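Peer 1: My structure file model37.cif, mmCIF, C-alpha atoms, is below:
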```
data_entry
loop_
_atom_site.group_PDB
_atom_site.id
_atom_site.type_symbol
_atom_site.label_atom_id
_atom_site.label_comp_id
_atom_site.auth_asym_id
_atom_site.auth_seq_id
_atom_site.Cartn_x
_atom_site.Cartn_y
_atom_site.Cartn_z
ATOM 1 C CA TRP A 945 1.896 -1.508 -38.689
ATOM 2 C CA LEU A 946 3.451 1.246 -36.547
ATOM 3 C CA ALA A 947 0.418 3.494 -37.095
ATOM 4 C CA SER A 948 -1.889 0.704 -35.859
ATOM 5 C CA LEU A 949 0.307 0.142 -32.819
ATOM 6 C CA GLY A 950 0.306 3.893 -32.076
ATOM 7 C CA PHE A 951 -3.490 4.079 -32.410
ATOM 8 C CA LEU A 952 -3.876 1.109 -30.048
ATOM 9 C CA THR A 953 -1.527 2.702 -27.487
ATOM 10 C CA VAL A 954 -3.366 6.047 -27.557
ATOM 11 C CA SER A 955 -6.770 4.304 -27.308
ATOM 12 C CA MET A 956 -5.698 2.183 -24.345
ATOM 13 C CA GLY A 957 -4.181 5.239 -22.634
ATOM 14 C CA GLY A 958 -7.435 7.167 -23.049
ATOM 15 C CA VAL A 959 -9.560 4.303 -21.745
ATOM 16 C CA THR A 960 -7.223 3.828 -18.763
ATOM 17 C CA PHE A 961 -7.408 7.543 -17.954
ATOM 18 C CA LEU A 962 -11.220 7.609 -18.108
ATOM 19 C CA PHE A 963 -11.452 4.441 -16.003
ATOM 20 C CA ALA A 964 -9.158 5.923 -13.324
ATOM 21 C CA MET A 965 -11.181 9.150 -12.965
ATOM 22 C CA PRO A 966 -13.521 9.010 -9.954
ATOM 23 C CA ARG A 967 -17.153 9.685 -10.831
ATOM 24 C CA PHE A 968 -19.040 10.022 -7.586
ATOM 25 C CA GLU A 969 -22.593 11.170 -7.995
ATOM 26 C CA GLU A 970 -24.754 12.922 -5.445
ATOM 27 C CA GLY A 971 -26.193 10.434 -2.971
ATOM 28 C CA GLU A 972 -23.370 7.936 -3.499
ATOM 29 C CA PHE A 973 -20.625 7.231 -0.948
ATOM 30 C CA GLY A 974 -17.622 9.356 -1.888
ATOM 31 C CA GLY A 975 -19.921 12.091 -3.170
ATOM 32 C CA VAL A 976 -22.225 14.677 -1.633
ATOM 33 C CA PHE A 977 -25.326 13.635 0.327
ATOM 34 C CA THR A 978 -28.260 15.986 0.711
ATOM 35 C CA ILE A 979 -29.533 15.534 4.259
ATOM 36 C CA GLY A 980 -32.483 17.921 3.976
ATOM 37 C CA LYS A 981 -33.607 21.307 5.199
ATOM 38 C CA ALA A 982 -32.300 22.736 8.467
ATOM 39 C CA ALA A 983 -35.852 22.673 9.880
ATOM 40 C CA GLU A 984 -36.018 18.882 9.319
ATOM 41 C CA LEU A 985 -32.941 18.079 11.413
ATOM 42 C CA PRO A 986 -33.405 16.238 14.694
ATOM 43 C CA PRO A 987 -33.431 18.636 17.673
ATOM 44 C CA PRO A 988 -30.118 19.312 19.467
ATOM 45 C CA GLY A 989 -29.168 16.645 21.991
ATOM 46 C CA SER A 990 -31.483 14.027 20.494
ATOM 47 C CA GLN A 991 -30.495 10.625 19.175
ATOM 48 C CA PRO A 992 -28.239 10.880 16.070
ATOM 49 C CA ALA A 993 -29.752 10.165 12.652
ATOM 50 C CA ASN A 994 -28.493 7.107 10.773
ATOM 51 C CA TYR A 995 -27.775 7.369 7.023
ATOM 52 C CA PRO A 996 -26.599 3.860 6.038
ATOM 53 C CA LYS A 997 -26.166 4.581 2.320
ATOM 54 C CA GLY A 998 -23.698 7.363 3.095
ATOM 55 C CA LYS A 999 -22.082 5.565 6.054
ATOM 56 C CA ILE A 1000 -22.968 8.579 8.194
ATOM 57 C CA TRP A 1001 -24.254 9.248 11.685
ATOM 58 C CA LEU A 1002 -25.593 12.818 11.749
ATOM 59 C CA SER A 1003 -25.311 14.260 15.239
ATOM 60 C CA ASN A 1004 -26.999 17.517 16.248
ATOM 61 C CA THR A 1005 -25.712 19.181 19.425
ATOM 62 C CA GLU A 1006 -25.952 22.679 20.899
ATOM 63 C CA GLU A 1007 -22.772 23.601 18.966
ATOM 64 C CA GLY A 1008 -24.200 22.435 15.626
ATOM 65 C CA VAL A 1009 -24.372 19.487 13.215
ATOM 66 C CA THR A 1010 -21.585 16.910 12.863
ATOM 67 C CA ALA A 1011 -21.395 14.093 10.302
ATOM 68 C CA LEU A 1012 -19.549 11.088 11.735
ATOM 69 C CA TYR A 1013 -18.084 8.273 9.626
ATOM 70 C CA LYS A 1014 -19.735 4.985 10.696
ATOM 71 C CA VAL A 1015 -16.441 3.075 10.885
ATOM 72 C CA CYS A 1016 -14.640 2.672 14.226
ATOM 73 C CA THR A 1017 -11.128 4.097 14.328
ATOM 74 C CA HIS A 1018 -9.789 0.988 16.071
ATOM 75 C CA LEU A 1019 -10.140 -1.878 13.574
ATOM 76 C CA GLY A 1020 -12.846 -0.675 11.205
ATOM 77 C CA CYS A 1021 -15.949 -2.260 12.737
ATOM 78 C CA LEU A 1022 -19.325 -0.560 12.327
ATOM 79 C CA TYR A 1023 -20.327 0.984 15.651
ATOM 80 C CA ASN A 1024 -23.863 1.761 16.828
ATOM 81 C CA TRP A 1025 -25.643 4.333 18.945
ATOM 82 C CA ARG A 1026 -26.912 3.074 22.303
ATOM 83 C CA ASP A 1027 -29.786 5.301 23.302
ATOM 84 C CA LEU A 1028 -29.983 4.073 26.907
ATOM 85 C CA GLU A 1029 -26.294 4.834 27.489
ATOM 86 C CA GLY A 1030 -26.260 7.988 25.334
ATOM 87 C CA LYS A 1031 -23.099 7.090 23.414
ATOM 88 C CA PHE A 1032 -21.688 5.253 20.417
ATOM 89 C CA VAL A 1033 -20.289 1.799 21.221
ATOM 90 C CA CYS A 1034 -18.246 -0.448 18.923
ATOM 91 C CA PRO A 1035 -19.422 -4.078 19.239
ATOM 92 C CA CYS A 1036 -16.014 -5.551 18.338
ATOM 93 C CA HIS A 1037 -13.725 -4.312 21.120
ATOM 94 C CA GLY A 1038 -15.851 -1.891 23.139
ATOM 95 C CA SER A 1039 -14.523 1.514 22.090
ATOM 96 C CA GLN A 1040 -16.926 4.251 23.177
ATOM 97 C CA PHE A 1041 -17.562 7.752 21.824
ATOM 98 C CA ASP A 1042 -19.888 10.591 22.818
ATOM 99 C CA LEU A 1043 -22.598 12.228 20.682
ATOM 100 C CA GLU A 1044 -20.019 14.441 18.935
ATOM 101 C CA GLY A 1045 -17.747 11.455 18.177
ATOM 102 C CA ASP A 1046 -15.134 12.286 20.810
ATOM 103 C CA TYR A 1047 -13.256 9.363 22.366
ATOM 104 C CA LEU A 1048 -14.479 8.199 25.796
ATOM 105 C CA GLN A 1049 -12.780 4.848 26.407
ATOM 106 C CA GLY A 1050 -11.550 1.641 24.779
ATOM 107 C CA PRO A 1051 -8.737 0.615 22.425
ATOM 108 C CA ALA A 1052 -9.521 3.148 19.654
ATOM 109 C CA PRO A 1053 -6.476 5.382 19.024
ATOM 110 C CA ARG A 1054 -8.497 8.527 18.253
ATOM 111 C CA SER A 1055 -11.946 10.080 18.105
ATOM 112 C CA LEU A 1056 -14.301 9.218 15.258
ATOM 113 C CA ASP A 1057 -13.550 10.472 11.759
ATOM 114 C CA ARG A 1058 -15.856 13.175 10.421
ATOM 115 C CA PHE A 1059 -17.056 14.461 7.091
ATOM 116 C CA VAL A 1060 -17.376 18.039 5.871
ATOM 117 C CA VAL A 1061 -20.870 19.462 6.474
ATOM 118 C CA GLN A 1062 -22.186 22.274 4.273
ATOM 119 C CA ALA A 1063 -25.081 24.715 4.595
ATOM 120 C CA VAL A 1064 -26.346 25.574 1.105
ATOM 121 C CA ASP A 1065 -28.645 28.417 0.055
ATOM 122 C CA PRO A 1066 -31.831 26.787 -1.324
ATOM 123 C CA ASN A 1067 -32.301 29.445 -4.021
ATOM 124 C CA THR A 1068 -28.810 29.891 -5.432
ATOM 125 C CA GLY A 1069 -27.129 26.606 -4.502
ATOM 126 C CA GLU A 1070 -24.247 28.601 -3.037
ATOM 127 C CA VAL A 1071 -22.423 27.216 0.005
ATOM 128 C CA ILE A 1072 -23.187 29.591 2.902
ATOM 129 C CA ALA A 1073 -21.124 27.850 5.576
ATOM 130 C CA GLU A 1074 -18.881 24.798 5.763
ATOM 131 C CA SER A 1075 -17.213 22.821 8.550
ATOM 132 C CA SER A 1076 -14.020 22.083 6.641
ATOM 133 C CA ASP A 1077 -12.110 21.164 9.835
ATOM 134 C CA GLY A 1078 -14.735 18.710 11.137
ATOM 135 C CA SER A 1079 -16.050 20.971 13.863
ATOM 136 C CA PRO A 1080 -19.841 21.179 14.349
ATOM 137 C CA LEU A 1081 -21.585 23.418 11.821
ATOM 138 C CA PRO A 1082 -23.952 25.871 13.547
ATOM 139 C CA ILE A 1083 -27.497 25.582 12.211
ATOM 140 C CA PRO A 1084 -28.365 28.586 10.013
ATOM 141 C CA ASP A 1085 -31.291 30.824 10.974
ATOM 142 C CA ASN A 1086 -33.092 30.192 7.670
ATOM 143 C CA PRO A 1087 -35.105 26.942 8.138
ATOM 144 C CA ASP A 1088 -35.042 26.332 4.363
ATOM 145 C CA THR A 1089 -31.236 26.146 4.234
ATOM 146 C CA VAL A 1090 -30.180 22.785 2.792
ATOM 147 C CA ILE A 1091 -27.691 20.683 4.774
ATOM 148 C CA LYS A 1092 -25.265 18.537 2.758
ATOM 149 C CA VAL A 1093 -22.467 16.154 3.726
ATOM 150 C CA ASP A 1094 -19.432 15.618 1.499
ATOM 151 C CA THR A 1095 -18.296 12.013 2.064
ATOM 152 C CA GLY A 1096 -15.353 12.596 -0.247
ATOM 153 C CA LYS A 1097 -13.762 14.868 2.366
ATOM 154 C CA LYS A 1098 -13.001 12.813 5.476
ATOM 155 C CA ILE A 1099 -11.371 14.507 8.467
ATOM 156 C CA GLN A 1100 -9.394 12.240 10.750
ATOM 157 C CA GLY A 1101 -10.412 12.206 14.419
ATOM 158 C CA GLN A 1102 -8.200 13.725 17.089
ATOM 159 C CA PRO A 1103 -5.793 11.317 18.839
ATOM 160 C CA HIS A 1104 -6.312 10.898 22.569
ATOM 161 C CA GLY A 1105 -3.885 10.384 25.401
#
```
Please render this file's structure as structure tokens.
Peer 2:
Amino acid sequence: WLASLGFLTVSMGGVTFLFAMPRFEEGEFGGVFTIGKAAELPPPGSQPANYPKGKIWLSNTEEGVTALYKVCTHLGCLYNWRDLEGKFVCPCHGSQFDLEGDYLQGPAPRSLDRFVVQAVDPNTGEVIAESSDGSPLPIPDNPDTVIKVDTGKKIQGQPHG
């Protein structure tokens, strides 16, 4: 009887451990998203690209590429880009952010949260450059360089005030 109880305990412990392990696959929120080649990115200063599956706004400025989390830092509403105004605006309480996700006005306590952006060598799969602090990643010279966003690594926006 004790052996059966021990086997049951070990089995349940193993199943619980495997269930608790995160298994994010590429292209799934919490995992790595392949955006595409550097040559395919929108030109600097243009409207940001929307990636709904990854909950990402990809913004390309003169400084480089930034991946912004699509959730407002105020109360968690989904904000949108307003092309005529040239800024992100939250429809819930009116918080506003510029193209790089920096706070402009409204009740939001900080700038938009960002994700880590990586430049990956297309031949070796090696990470060439990474914006681990959330700063814009300069676009590599090689147009075939693959741009990826790691949605498992969120960087909190800077507080304002």
Peer 1: Grab the CA of Asp1088 in chain A to CA of Leu985 in chain A distance for me, in Å with one decimal place.
Peer 2: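 According to the coordinates, CA of Asp1088 in chain A and CA of Leu985 in chain A are separated by 11.1 Å.
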Peer 1: Restricting the calculation to only C-alpha atoms, which member of A:Ser1076, A:Gln991, A:Gln1100, A:Thr1095 is positioned closest to Asp1042 in chain A?
Peer 2: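 So, comparing all the options, the nearest one is A:Gln991.
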Peer 1: Going by the chain IDs and residue numbers used in this file, which residues fall under the PyMOL selection byres ((chain A and resi 1031) around 6)? Write them as a count of residues only.
Peer 2: 8
Peer 1: How many Å lie between CA of Leu1048 in chain A and CA of Val1093 in chain A, rounded to one decimal?
Peer 2: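 So the answer is 24.8 Å.
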Peer 1: Where does the PyMOL selection byres ((chain A and resi 1012-1018) around 10) land in this file, that is, which residues does it pick, as a VMD selection string?
Peer 2: chain A and resid 992 994 to 996 998 to 1003 1009 to 1011 1019 to 1024 1032 to 1041 1043 to 1045 1047 1050 to 1061 1078 1093 1095 1098 to 1101
Peer 1: For a quick check of understanding, using only C-alpha atoms, which of A:Ala982, A:Met956, A:Ala993, A:Val1071 has the smallest distance to Ile1091 in chain A?
Peer 2: A:Ala982
Peer 1: Would you please work out which residue, of A:Gly958, A:Gly1096, A:Pro1103, A:Ile1083, is nearest to Glu984 in chain A when using all atoms listed in the file?
Peer 2: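 Among A:Gly958, A:Gly1096, A:Pro1103, A:Ile1083, it is A:Ile1083 that comes nearest to Glu984 in chain A.
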Peer 1: For this file, the PyMOL selection byres ((chain A and resi 981) around 10) selects which residues, as a PyMOL selection string?
Peer 2: chain A and resi 978-980+982-985+1063-1064+1066+1086-1092
Peer 1: Suppose you want the space between CA of Lys997 in chain A and CA of Lys1097 in chain A; what is it in Å?
Peer 2: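 Rounded to one decimal, the two atoms are 16.1 Å apart.
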Peer 1: Box along x, y and z, 5 Å on every side, all listed atoms of range 1008-1015 of chain A inside: centre and edge lengths in Å to one decimal, as lines of an AutoDock Vina configuration file.
Peer 2:
```
center_x = -20.4
center_y = 12.8
center_z = 12.6
size_x = 17.9
size_y = 29.4
size_z = 16.0
```
Peer 1: For Ala1073 in chain A, which residue among A:Leu949, A:Asp1085, A:Ser955, A:Pro986 is the nearest when counting only C-alpha atoms?
Peer 2: A:Asp1085
